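What follows is one structure encoded as structure tokens, with my remarks underneath.
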Amino acid sequence: MNTSALNQHLSFIENLLSNFTDLIFVPSESKNSTMKKNILFFYLCIPFLANTQVKEGIIISSTPTKYFTGMSVGAANIQHKTLINGQNKISNNQIFDLGLILERELSDRIKISLRTDLAIGAILNKFTINGNNYAYNYRITTVKAPVLLSYTFNKPSKFNGLPNYFLIGPEVSYNLEGLNTSNRFFKTNGNYIKSASFIKNQETQLKFVIGYDIKLKFVNFRPEFGYNHGFDVLKPVSIPDLNFTKIVNNQYSLNIVLSQRHNKVVYKKPIKTGPTFWKRLFL
């Protein structure tokens, strides 16, 4: 650094210290004007102090991976089918569903889809046997874990009304409300009484889904229509005048899925330009 530049920097430091000292020791009545001068002095020095810059990292490459993540929200109708005293009784009950999704591509058309869903609702079944009216109900807060295999058979660039893929696989669920037997009631002659749990808390179903894959700017918008085929969930039960033989829960659902493919992004390291602040200040 030449002599004139060094003198310029030393003069700058001397003025900075002088102004700081004046700000501390000047009489109180003149501090306001001194502070205004220092504020102006500081802003005039900003261009000098700000010559040290750091360029933000830039993206070198972005490579699509085989993984997708997303979330789903929807509703379903549970068809609660019972066989009582040799008679089939059916009731329809609505639930709401919220879930998270993790998917991995196995090939261009095949994916495995792991999901975790939480379903909330209630089951109410009213029926008549030998001229007597009966009913029972219980709440459900169910954690579901389907493991699905997805096959894509239609990849339109634009929506054309035809499904793009279907999924199939088992779904295991557990009703958390089943831990509290007071949630289960039985009604005889207009009066509700507590009954022992005669429906299994754990349930296994076979799930079928068809879906549309509509590609938006940042996410994939995927309406899905599903059917769950249930199996017998009846536990041994003894209720006067009633002989329960079988209970099955089938389910029809509509879910909206928002998903996104993960990309592997490589950034270029930030590059500093110009001397550092302290070098600018003291050298």
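By order in the structure tokens, chains are A, B, ...; within a chain, residues start at 1; ligands start at 1, following the order shown.
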What parts of stretch 87-168 of chain A does DSSP call strand (DSSP E or B)? I'd like the answer as a PDB file with N, CA and C atoms, in the first residue's frame.
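Saved to states34.pdb:
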```pdb
ATOM      1  N   GLN A  87     -79.208 -62.806   9.650  1.00  0.00           N
ATOM      2  CA  GLN A  87     -79.663 -61.686   8.828  1.00  0.00           C
ATOM      3  C   GLN A  87     -78.503 -60.702   8.600  1.00  0.00           C
ATOM      4  N   ASN A  88     -78.376 -60.251   7.361  1.00  0.00           N
ATOM      5  CA  ASN A  88     -77.348 -59.260   7.027  1.00  0.00           C
ATOM      6  C   ASN A  88     -77.839 -57.853   7.359  1.00  0.00           C
ATOM      7  N   LYS A  89     -77.045 -57.124   8.113  1.00  0.00           N
ATOM      8  CA  LYS A  89     -77.363 -55.745   8.483  1.00  0.00           C
ATOM      9  C   LYS A  89     -76.203 -54.852   8.040  1.00  0.00           C
ATOM     10  N   ILE A  90     -76.539 -53.720   7.410  1.00  0.00           N
ATOM     11  CA  ILE A  90     -75.516 -52.825   6.854  1.00  0.00           C
ATOM     12  C   ILE A  90     -75.776 -51.402   7.328  1.00  0.00           C
ATOM     13  N   SER A  91     -74.717 -50.720   7.733  1.00  0.00           N
ATOM     14  CA  SER A  91     -74.791 -49.286   8.051  1.00  0.00           C
ATOM     15  C   SER A  91     -73.622 -48.578   7.389  1.00  0.00           C
ATOM     16  N   ASN A  92     -73.829 -47.315   7.022  1.00  0.00           N
ATOM     17  CA  ASN A  92     -72.796 -46.506   6.381  1.00  0.00           C
ATOM     18  C   ASN A  92     -72.354 -45.403   7.331  1.00  0.00           C
ATOM     19  N   ASN A  93     -71.046 -45.253   7.475  1.00  0.00           N
ATOM     20  CA  ASN A  93     -70.483 -44.299   8.435  1.00  0.00           C
ATOM     21  C   ASN A  93     -69.323 -43.547   7.791  1.00  0.00           C
ATOM     22  N   GLN A  94     -69.219 -42.253   8.088  1.00  0.00           N
ATOM     23  CA  GLN A  94     -68.201 -41.412   7.453  1.00  0.00           C
ATOM     24  C   GLN A  94     -67.025 -41.167   8.413  1.00  0.00           C
ATOM     25  N   ILE A  95     -65.832 -41.141   7.848  1.00  0.00           N
ATOM     26  CA  ILE A  95     -64.624 -40.811   8.601  1.00  0.00           C
ATOM     27  C   ILE A  95     -63.788 -39.820   7.799  1.00  0.00           C
ATOM     28  N   PHE A  96     -62.877 -39.139   8.493  1.00  0.00           N
ATOM     29  CA  PHE A  96     -61.935 -38.215   7.856  1.00  0.00           C
ATOM     30  C   PHE A  96     -60.522 -38.745   8.044  1.00  0.00           C
ATOM     31  N   ASP A  97     -59.686 -38.474   7.041  1.00  0.00           N
ATOM     32  CA  ASP A  97     -58.381 -39.131   6.974  1.00  0.00           C
ATOM     33  C   ASP A  97     -57.294 -38.115   6.641  1.00  0.00           C
ATOM     34  N   LEU A  98     -56.145 -38.222   7.339  1.00  0.00           N
ATOM     35  CA  LEU A  98     -54.976 -37.377   7.081  1.00  0.00           C
ATOM     36  C   LEU A  98     -53.739 -38.253   7.116  1.00  0.00           C
ATOM     37  N   GLY A  99     -52.846 -38.102   6.112  1.00  0.00           N
ATOM     38  CA  GLY A  99     -51.718 -39.021   6.054  1.00  0.00           C
ATOM     39  C   GLY A  99     -50.460 -38.431   5.447  1.00  0.00           C
ATOM     40  N   LEU A 100     -49.343 -39.147   5.648  1.00  0.00           N
ATOM     41  CA  LEU A 100     -48.040 -38.826   5.069  1.00  0.00           C
ATOM     42  C   LEU A 100     -47.616 -39.962   4.144  1.00  0.00           C
ATOM     43  N   ILE A 101     -46.846 -39.617   3.118  1.00  0.00           N
ATOM     44  CA  ILE A 101     -46.498 -40.580   2.073  1.00  0.00           C
ATOM     45  C   ILE A 101     -45.000 -40.545   1.796  1.00  0.00           C
ATOM     46  N   LEU A 102     -44.414 -41.722   1.643  1.00  0.00           N
ATOM     47  CA  LEU A 102     -43.036 -41.878   1.160  1.00  0.00           C
ATOM     48  C   LEU A 102     -43.053 -42.930   0.062  1.00  0.00           C
ATOM     49  N   GLU A 103     -42.553 -42.568  -1.117  1.00  0.00           N
ATOM     50  CA  GLU A 103     -42.572 -43.479  -2.259  1.00  0.00           C
ATOM     51  C   GLU A 103     -41.180 -43.581  -2.876  1.00  0.00           C
ATOM     52  N   ARG A 104     -40.915 -44.758  -3.455  1.00  0.00           N
ATOM     53  CA  ARG A 104     -39.647 -44.966  -4.154  1.00  0.00           C
ATOM     54  C   ARG A 104     -39.891 -45.671  -5.478  1.00  0.00           C
ATOM     55  N   GLU A 105     -39.288 -45.124  -6.516  1.00  0.00           N
ATOM     56  CA  GLU A 105     -39.389 -45.744  -7.832  1.00  0.00           C
ATOM     57  C   GLU A 105     -38.537 -47.000  -7.902  1.00  0.00           C
ATOM     58  N   ILE A 110     -43.128 -48.731 -11.966  1.00  0.00           N
ATOM     59  CA  ILE A 110     -43.459 -49.388 -10.702  1.00  0.00           C
ATOM     60  C   ILE A 110     -42.844 -48.604  -9.543  1.00  0.00           C
ATOM     61  N   LYS A 111     -43.644 -48.371  -8.496  1.00  0.00           N
ATOM     62  CA  LYS A 111     -43.196 -47.717  -7.276  1.00  0.00           C
ATOM     63  C   LYS A 111     -43.727 -48.488  -6.077  1.00  0.00           C
ATOM     64  N   ILE A 112     -43.040 -48.347  -4.961  1.00  0.00           N
ATOM     65  CA  ILE A 112     -43.560 -48.832  -3.694  1.00  0.00           C
ATOM     66  C   ILE A 112     -43.948 -47.611  -2.860  1.00  0.00           C
ATOM     67  N   SER A 113     -45.135 -47.669  -2.274  1.00  0.00           N
ATOM     68  CA  SER A 113     -45.693 -46.521  -1.553  1.00  0.00           C
ATOM     69  C   SER A 113     -45.939 -46.916  -0.104  1.00  0.00           C
ATOM     70  N   LEU A 114     -45.232 -46.238   0.810  1.00  0.00           N
ATOM     71  CA  LEU A 114     -45.407 -46.443   2.249  1.00  0.00           C
ATOM     72  C   LEU A 114     -46.181 -45.255   2.804  1.00  0.00           C
ATOM     73  N   ARG A 115     -47.229 -45.535   3.562  1.00  0.00           N
ATOM     74  CA  ARG A 115     -48.103 -44.474   4.041  1.00  0.00           C
ATOM     75  C   ARG A 115     -48.422 -44.661   5.520  1.00  0.00           C
ATOM     76  N   THR A 116     -48.667 -43.544   6.181  1.00  0.00           N
ATOM     77  CA  THR A 116     -49.142 -43.541   7.564  1.00  0.00           C
ATOM     78  C   THR A 116     -50.331 -42.600   7.638  1.00  0.00           C
ATOM     79  N   ASP A 117     -51.491 -43.134   7.999  1.00  0.00           N
ATOM     80  CA  ASP A 117     -52.726 -42.357   8.017  1.00  0.00           C
ATOM     81  C   ASP A 117     -53.336 -42.351   9.411  1.00  0.00           C
ATOM     82  N   LEU A 118     -54.056 -41.269   9.699  1.00  0.00           N
ATOM     83  CA  LEU A 118     -54.846 -41.175  10.921  1.00  0.00           C
ATOM     84  C   LEU A 118     -56.288 -40.913  10.513  1.00  0.00           C
ATOM     85  N   ALA A 119     -57.195 -41.810  10.902  1.00  0.00           N
ATOM     86  CA  ALA A 119     -58.618 -41.703  10.547  1.00  0.00           C
ATOM     87  C   ALA A 119     -59.429 -41.475  11.817  1.00  0.00           C
ATOM     88  N   ILE A 120     -60.385 -40.537  11.736  1.00  0.00           N
ATOM     89  CA  ILE A 120     -61.221 -40.190  12.893  1.00  0.00           C
ATOM     90  C   ILE A 120     -62.686 -40.255  12.478  1.00  0.00           C
ATOM     91  N   GLY A 121     -63.495 -40.891  13.298  1.00  0.00           N
ATOM     92  CA  GLY A 121     -64.926 -40.988  13.007  1.00  0.00           C
ATOM     93  C   GLY A 121     -65.636 -41.823  14.057  1.00  0.00           C
ATOM     94  N   ALA A 122     -66.755 -42.419  13.666  1.00  0.00           N
ATOM     95  CA  ALA A 122     -67.531 -43.258  14.582  1.00  0.00           C
ATOM     96  C   ALA A 122     -68.349 -44.250  13.767  1.00  0.00           C
ATOM     97  N   ILE A 123     -68.661 -45.366  14.404  1.00  0.00           N
ATOM     98  CA  ILE A 123     -69.502 -46.400  13.809  1.00  0.00           C
ATOM     99  C   ILE A 123     -70.823 -46.442  14.567  1.00  0.00           C
ATOM    100  N   LEU A 124     -71.922 -46.390  13.832  1.00  0.00           N
ATOM    101  CA  LEU A 124     -73.255 -46.536  14.409  1.00  0.00           C
ATOM    102  C   LEU A 124     -74.023 -47.556  13.580  1.00  0.00           C
ATOM    103  N   ASN A 125     -74.539 -48.560  14.242  1.00  0.00           N
ATOM    104  CA  ASN A 125     -75.283 -49.615  13.555  1.00  0.00           C
ATOM    105  C   ASN A 125     -76.645 -49.792  14.224  1.00  0.00           C
ATOM    106  N   LYS A 126     -77.699 -49.508  13.467  1.00  0.00           N
ATOM    107  CA  LYS A 126     -79.071 -49.695  13.951  1.00  0.00           C
ATOM    108  C   LYS A 126     -79.710 -50.839  13.179  1.00  0.00           C
ATOM    109  N   PHE A 127     -80.429 -51.698  13.871  1.00  0.00           N
ATOM    110  CA  PHE A 127     -81.058 -52.830  13.192  1.00  0.00           C
ATOM    111  C   PHE A 127     -82.253 -53.325  14.010  1.00  0.00           C
ATOM    112  N   THR A 128     -83.089 -54.100  13.337  1.00  0.00           N
ATOM    113  CA  THR A 128     -84.285 -54.661  13.967  1.00  0.00           C
ATOM    114  C   THR A 128     -84.240 -56.183  13.863  1.00  0.00           C
ATOM    115  N   ILE A 129     -84.448 -56.862  14.984  1.00  0.00           N
ATOM    116  CA  ILE A 129     -84.479 -58.318  15.042  1.00  0.00           C
ATOM    117  C   ILE A 129     -85.764 -58.754  15.763  1.00  0.00           C
ATOM    118  N   ASN A 132     -87.829 -56.122  17.482  1.00  0.00           N
ATOM    119  CA  ASN A 132     -87.163 -55.294  18.496  1.00  0.00           C
ATOM    120  C   ASN A 132     -86.059 -54.461  17.850  1.00  0.00           C
ATOM    121  N   ASN A 133     -85.977 -53.202  18.259  1.00  0.00           N
ATOM    122  CA  ASN A 133     -84.969 -52.283  17.725  1.00  0.00           C
ATOM    123  C   ASN A 133     -83.703 -52.314  18.583  1.00  0.00           C
ATOM    124  N   TYR A 134     -82.578 -52.427  17.903  1.00  0.00           N
ATOM    125  CA  TYR A 134     -81.289 -52.448  18.585  1.00  0.00           C
ATOM    126  C   TYR A 134     -80.345 -51.456  17.910  1.00  0.00           C
ATOM    127  N   ALA A 135     -79.299 -51.098  18.634  1.00  0.00           N
ATOM    128  CA  ALA A 135     -78.249 -50.240  18.066  1.00  0.00           C
ATOM    129  C   ALA A 135     -77.005 -50.325  18.928  1.00  0.00           C
ATOM    130  N   TYR A 136     -75.860 -50.138  18.293  1.00  0.00           N
ATOM    131  CA  TYR A 136     -74.609 -49.978  19.045  1.00  0.00           C
ATOM    132  C   TYR A 136     -73.734 -48.981  18.302  1.00  0.00           C
ATOM    133  N   ASN A 137     -72.870 -48.330  19.030  1.00  0.00           N
ATOM    134  CA  ASN A 137     -71.946 -47.371  18.405  1.00  0.00           C
ATOM    135  C   ASN A 137     -70.642 -47.341  19.178  1.00  0.00           C
ATOM    136  N   TYR A 138     -69.591 -46.925  18.464  1.00  0.00           N
ATOM    137  CA  TYR A 138     -68.290 -46.740  19.098  1.00  0.00           C
ATOM    138  C   TYR A 138     -67.471 -45.785  18.249  1.00  0.00           C
ATOM    139  N   ARG A 139     -66.615 -45.035  18.930  1.00  0.00           N
ATOM    140  CA  ARG A 139     -65.746 -44.075  18.244  1.00  0.00           C
ATOM    141  C   ARG A 139     -64.516 -44.785  17.707  1.00  0.00           C
ATOM    142  N   ILE A 140     -63.937 -44.208  16.661  1.00  0.00           N
ATOM    143  CA  ILE A 140     -62.704 -44.744  16.100  1.00  0.00           C
ATOM    144  C   ILE A 140     -61.686 -43.623  15.900  1.00  0.00           C
ATOM    145  N   THR A 141     -60.497 -43.848  16.376  1.00  0.00           N
ATOM    146  CA  THR A 141     -59.323 -43.030  16.066  1.00  0.00           C
ATOM    147  C   THR A 141     -58.261 -44.026  15.647  1.00  0.00           C
ATOM    148  N   THR A 142     -58.155 -44.227  14.361  1.00  0.00           N
ATOM    149  CA  THR A 142     -57.415 -45.360  13.823  1.00  0.00           C
ATOM    150  C   THR A 142     -56.111 -44.919  13.170  1.00  0.00           C
ATOM    151  N   VAL A 143     -55.026 -45.591  13.529  1.00  0.00           N
ATOM    152  CA  VAL A 143     -53.743 -45.418  12.850  1.00  0.00           C
ATOM    153  C   VAL A 143     -53.619 -46.527  11.809  1.00  0.00           C
ATOM    154  N   LYS A 144     -53.415 -46.126  10.550  1.00  0.00           N
ATOM    155  CA  LYS A 144     -53.360 -47.083   9.454  1.00  0.00           C
ATOM    156  C   LYS A 144     -51.980 -47.047   8.789  1.00  0.00           C
ATOM    157  N   ALA A 145     -51.516 -48.216   8.368  1.00  0.00           N
ATOM    158  CA  ALA A 145     -50.195 -48.317   7.727  1.00  0.00           C
ATOM    159  C   ALA A 145     -50.286 -49.207   6.496  1.00  0.00           C
ATOM    160  N   PRO A 146     -50.734 -48.656   5.372  1.00  0.00           N
ATOM    161  CA  PRO A 146     -50.766 -49.444   4.135  1.00  0.00           C
ATOM    162  C   PRO A 146     -49.385 -49.523   3.475  1.00  0.00           C
ATOM    163  N   VAL A 147     -49.098 -50.656   2.888  1.00  0.00           N
ATOM    164  CA  VAL A 147     -47.884 -50.851   2.078  1.00  0.00           C
ATOM    165  C   VAL A 147     -48.369 -51.224   0.678  1.00  0.00           C
ATOM    166  N   LEU A 148     -48.194 -50.320  -0.273  1.00  0.00           N
ATOM    167  CA  LEU A 148     -48.836 -50.456  -1.583  1.00  0.00           C
ATOM    168  C   LEU A 148     -47.803 -50.536  -2.705  1.00  0.00           C
ATOM    169  N   LEU A 149     -48.151 -51.283  -3.712  1.00  0.00           N
ATOM    170  CA  LEU A 149     -47.359 -51.367  -4.942  1.00  0.00           C
ATOM    171  C   LEU A 149     -48.106 -50.587  -6.015  1.00  0.00           C
ATOM    172  N   SER A 150     -47.414 -49.655  -6.638  1.00  0.00           N
ATOM    173  CA  SER A 150     -48.031 -48.765  -7.627  1.00  0.00           C
ATOM    174  C   SER A 150     -47.539 -49.114  -9.028  1.00  0.00           C
ATOM    175  N   TYR A 151     -48.470 -49.149  -9.957  1.00  0.00           N
ATOM    176  CA  TYR A 151     -48.121 -49.377 -11.365  1.00  0.00           C
ATOM    177  C   TYR A 151     -48.710 -48.255 -12.208  1.00  0.00           C
ATOM    178  N   THR A 152     -47.853 -47.559 -12.936  1.00  0.00           N
ATOM    179  CA  THR A 152     -48.281 -46.469 -13.809  1.00  0.00           C
ATOM    180  C   THR A 152     -48.487 -47.007 -15.221  1.00  0.00           C
ATOM    181  N   TYR A 165     -52.626 -44.379 -12.769  1.00  0.00           N
ATOM    182  CA  TYR A 165     -51.959 -45.461 -12.054  1.00  0.00           C
ATOM    183  C   TYR A 165     -52.960 -46.162 -11.136  1.00  0.00           C
ATOM    184  N   PHE A 166     -52.568 -47.325 -10.653  1.00  0.00           N
ATOM    185  CA  PHE A 166     -53.341 -47.984  -9.604  1.00  0.00           C
ATOM    186  C   PHE A 166     -52.385 -48.542  -8.558  1.00  0.00           C
ATOM    187  N   LEU A 167     -52.914 -48.720  -7.345  1.00  0.00           N
ATOM    188  CA  LEU A 167     -52.135 -49.245  -6.236  1.00  0.00           C
ATOM    189  C   LEU A 167     -52.879 -50.425  -5.634  1.00  0.00           C
ATOM    190  N   ILE A 168     -52.119 -51.362  -5.102  1.00  0.00           N
ATOM    191  CA  ILE A 168     -52.703 -52.526  -4.450  1.00  0.00           C
ATOM    192  C   ILE A 168     -51.757 -52.977  -3.340  1.00  0.00           C
TER     193      ILE A 168
END
```
Shell of 7 Å around A:Thr65, only C-alpha atoms, local chain residues under 4 positions omitted, as a short mmCIF file (atom, residue, chain, number, x, y, z; two decimals) with C-alpha atoms, in the first residue's frame:
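What landed in out-v6.cif:
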```cif
data_model
loop_
_atom_site.label_atom_id
_atom_site.label_comp_id
_atom_site.auth_asym_id
_atom_site.auth_seq_id
_atom_site.Cartn_x
_atom_site.Cartn_y
_atom_site.Cartn_z
CA HIS A 262 -36.78 -35.13 -4.34
CA ASN A 263 -33.79 -33.69 -6.21
CA LYS A 264 -30.13 -34.01 -5.32
#
```
If you count only C-alpha atoms, the residue of A:Phe231, A:Arg261, A:Lys268, A:Gln202 closest to A:Thr63 turns out to be A:Arg261
Quote the spacing between atom CA of A:Tyr252 and atom CA of A:Gln79 in Å to one decimal place.
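Computing the Euclidean distance for atom CA of A:Tyr252 and atom CA of A:Gln79 yields 8.0 Å.
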Test item: residues at most 12 Å from stretch 218-226 of chain A, only C-alpha atoms, excluding those fewer than 5 positions along its chain, as number ranges by chain:
A: 68-78, 148, 159, 161-169, 206-213, 250-262
Would you save the residues of that selection, restricted to N, CA and C atoms, as a short mmCIF file (atom, residue, chain, number, x, y, z; two decimals), in the first residue's frame?
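The resulting out03.cif:
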```cif
data_model
loop_
_atom_site.label_atom_id
_atom_site.label_comp_id
_atom_site.auth_asym_id
_atom_site.auth_seq_id
_atom_site.Cartn_x
_atom_site.Cartn_y
_atom_site.Cartn_z
N PHE A 68 -40.12 -39.89 -3.61
CA PHE A 68 -41.20 -38.91 -3.56
C PHE A 68 -41.69 -38.83 -2.12
N THR A 69 -42.07 -37.65 -1.68
CA THR A 69 -42.74 -37.48 -0.40
C THR A 69 -43.98 -36.63 -0.62
N GLY A 70 -44.93 -36.75 0.31
CA GLY A 70 -46.14 -35.98 0.16
C GLY A 70 -47.07 -36.16 1.34
N MET A 71 -48.25 -35.60 1.21
CA MET A 71 -49.28 -35.73 2.22
C MET A 71 -50.62 -35.92 1.55
N SER A 72 -51.57 -36.47 2.30
CA SER A 72 -52.89 -36.71 1.75
C SER A 72 -53.95 -36.30 2.76
N VAL A 73 -55.09 -35.89 2.24
CA VAL A 73 -56.24 -35.57 3.07
C VAL A 73 -57.48 -36.07 2.33
N GLY A 74 -58.43 -36.60 3.08
CA GLY A 74 -59.60 -37.15 2.40
C GLY A 74 -60.69 -37.58 3.35
N ALA A 75 -61.67 -38.26 2.79
CA ALA A 75 -62.81 -38.76 3.54
C ALA A 75 -63.17 -40.14 3.00
N ALA A 76 -63.87 -40.89 3.83
CA ALA A 76 -64.22 -42.26 3.42
C ALA A 76 -65.57 -42.64 4.01
N ASN A 77 -66.21 -43.59 3.36
CA ASN A 77 -67.44 -44.18 3.87
C ASN A 77 -67.15 -45.63 4.25
N ILE A 78 -67.37 -45.95 5.53
CA ILE A 78 -67.18 -47.32 6.01
C ILE A 78 -68.53 -48.04 5.94
N LEU A 148 -48.19 -50.32 -0.27
CA LEU A 148 -48.84 -50.46 -1.58
C LEU A 148 -47.80 -50.54 -2.71
N PHE A 159 -54.19 -33.71 -18.65
CA PHE A 159 -55.27 -34.51 -18.08
C PHE A 159 -56.27 -34.87 -19.19
N GLY A 161 -58.81 -37.41 -18.47
CA GLY A 161 -59.94 -38.10 -17.87
C GLY A 161 -59.68 -39.54 -17.49
N LEU A 162 -58.59 -40.14 -17.97
CA LEU A 162 -58.28 -41.54 -17.67
C LEU A 162 -57.33 -41.63 -16.49
N PRO A 163 -57.48 -42.61 -15.62
CA PRO A 163 -56.55 -42.77 -14.50
C PRO A 163 -55.12 -43.01 -15.00
N ASN A 164 -54.15 -42.58 -14.20
CA ASN A 164 -52.75 -42.74 -14.57
C ASN A 164 -52.11 -43.96 -13.92
N TYR A 165 -52.63 -44.38 -12.77
CA TYR A 165 -51.96 -45.46 -12.05
C TYR A 165 -52.96 -46.16 -11.14
N PHE A 166 -52.57 -47.33 -10.65
CA PHE A 166 -53.34 -47.98 -9.60
C PHE A 166 -52.38 -48.54 -8.56
N LEU A 167 -52.91 -48.72 -7.34
CA LEU A 167 -52.13 -49.25 -6.24
C LEU A 167 -52.88 -50.43 -5.63
N ILE A 168 -52.12 -51.36 -5.10
CA ILE A 168 -52.70 -52.53 -4.45
C ILE A 168 -51.76 -52.98 -3.34
N GLY A 169 -52.36 -53.42 -2.22
CA GLY A 169 -51.52 -53.91 -1.13
C GLY A 169 -52.29 -54.03 0.16
N LEU A 206 -57.45 -55.36 2.49
CA LEU A 206 -56.77 -55.34 1.19
C LEU A 206 -57.23 -54.08 0.46
N LYS A 207 -56.27 -53.25 0.09
CA LYS A 207 -56.58 -51.93 -0.46
C LYS A 207 -56.33 -51.87 -1.95
N PHE A 208 -57.30 -51.29 -2.68
CA PHE A 208 -57.20 -51.05 -4.12
C PHE A 208 -57.41 -49.55 -4.36
N VAL A 209 -56.57 -48.96 -5.22
CA VAL A 209 -56.67 -47.52 -5.48
C VAL A 209 -56.40 -47.27 -6.96
N ILE A 210 -57.18 -46.35 -7.54
CA ILE A 210 -56.85 -45.79 -8.85
C ILE A 210 -56.65 -44.29 -8.66
N GLY A 211 -55.70 -43.71 -9.39
CA GLY A 211 -55.39 -42.31 -9.18
C GLY A 211 -55.03 -41.58 -10.45
N TYR A 212 -55.17 -40.27 -10.37
CA TYR A 212 -54.78 -39.37 -11.45
C TYR A 212 -53.55 -38.59 -11.01
N ASP A 213 -52.60 -38.43 -11.90
CA ASP A 213 -51.36 -37.71 -11.60
C ASP A 213 -51.31 -36.46 -12.47
N ASN A 250 -65.99 -52.70 5.13
CA ASN A 250 -65.48 -52.31 3.81
C ASN A 250 -65.45 -50.79 3.73
N GLN A 251 -64.57 -50.27 2.91
CA GLN A 251 -64.38 -48.82 2.91
C GLN A 251 -64.22 -48.29 1.48
N TYR A 252 -64.92 -47.16 1.20
CA TYR A 252 -64.80 -46.44 -0.06
C TYR A 252 -64.26 -45.05 0.26
N SER A 253 -63.19 -44.66 -0.42
CA SER A 253 -62.50 -43.42 -0.02
C SER A 253 -62.17 -42.53 -1.20
N LEU A 254 -62.02 -41.25 -0.91
CA LEU A 254 -61.51 -40.25 -1.85
C LEU A 254 -60.46 -39.45 -1.11
N ASN A 255 -59.24 -39.45 -1.65
CA ASN A 255 -58.12 -38.71 -1.04
C ASN A 255 -57.47 -37.80 -2.07
N ILE A 256 -57.03 -36.65 -1.59
CA ILE A 256 -56.25 -35.72 -2.41
C ILE A 256 -54.81 -35.79 -1.94
N VAL A 257 -53.92 -36.17 -2.85
CA VAL A 257 -52.51 -36.32 -2.52
C VAL A 257 -51.71 -35.21 -3.20
N LEU A 258 -50.82 -34.57 -2.42
CA LEU A 258 -49.85 -33.63 -2.97
C LEU A 258 -48.47 -34.24 -2.75
N SER A 259 -47.76 -34.48 -3.84
CA SER A 259 -46.45 -35.13 -3.73
C SER A 259 -45.42 -34.39 -4.56
N GLN A 260 -44.16 -34.65 -4.24
CA GLN A 260 -43.06 -33.98 -4.94
C GLN A 260 -41.85 -34.90 -5.01
N ARG A 261 -41.20 -34.91 -6.15
CA ARG A 261 -39.98 -35.70 -6.30
C ARG A 261 -38.81 -34.97 -5.64
N HIS A 262 -37.96 -35.72 -4.95
CA HIS A 262 -36.78 -35.13 -4.34
C HIS A 262 -35.65 -35.04 -5.37
#
```
Smallest atom-to-atom distance to A:Ser173: which of A:Gly131, A:Pro236, A:Gly86, A:Gly230, using only C-alpha atoms?
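The closest residue to A:Ser173 is A:Gly230.
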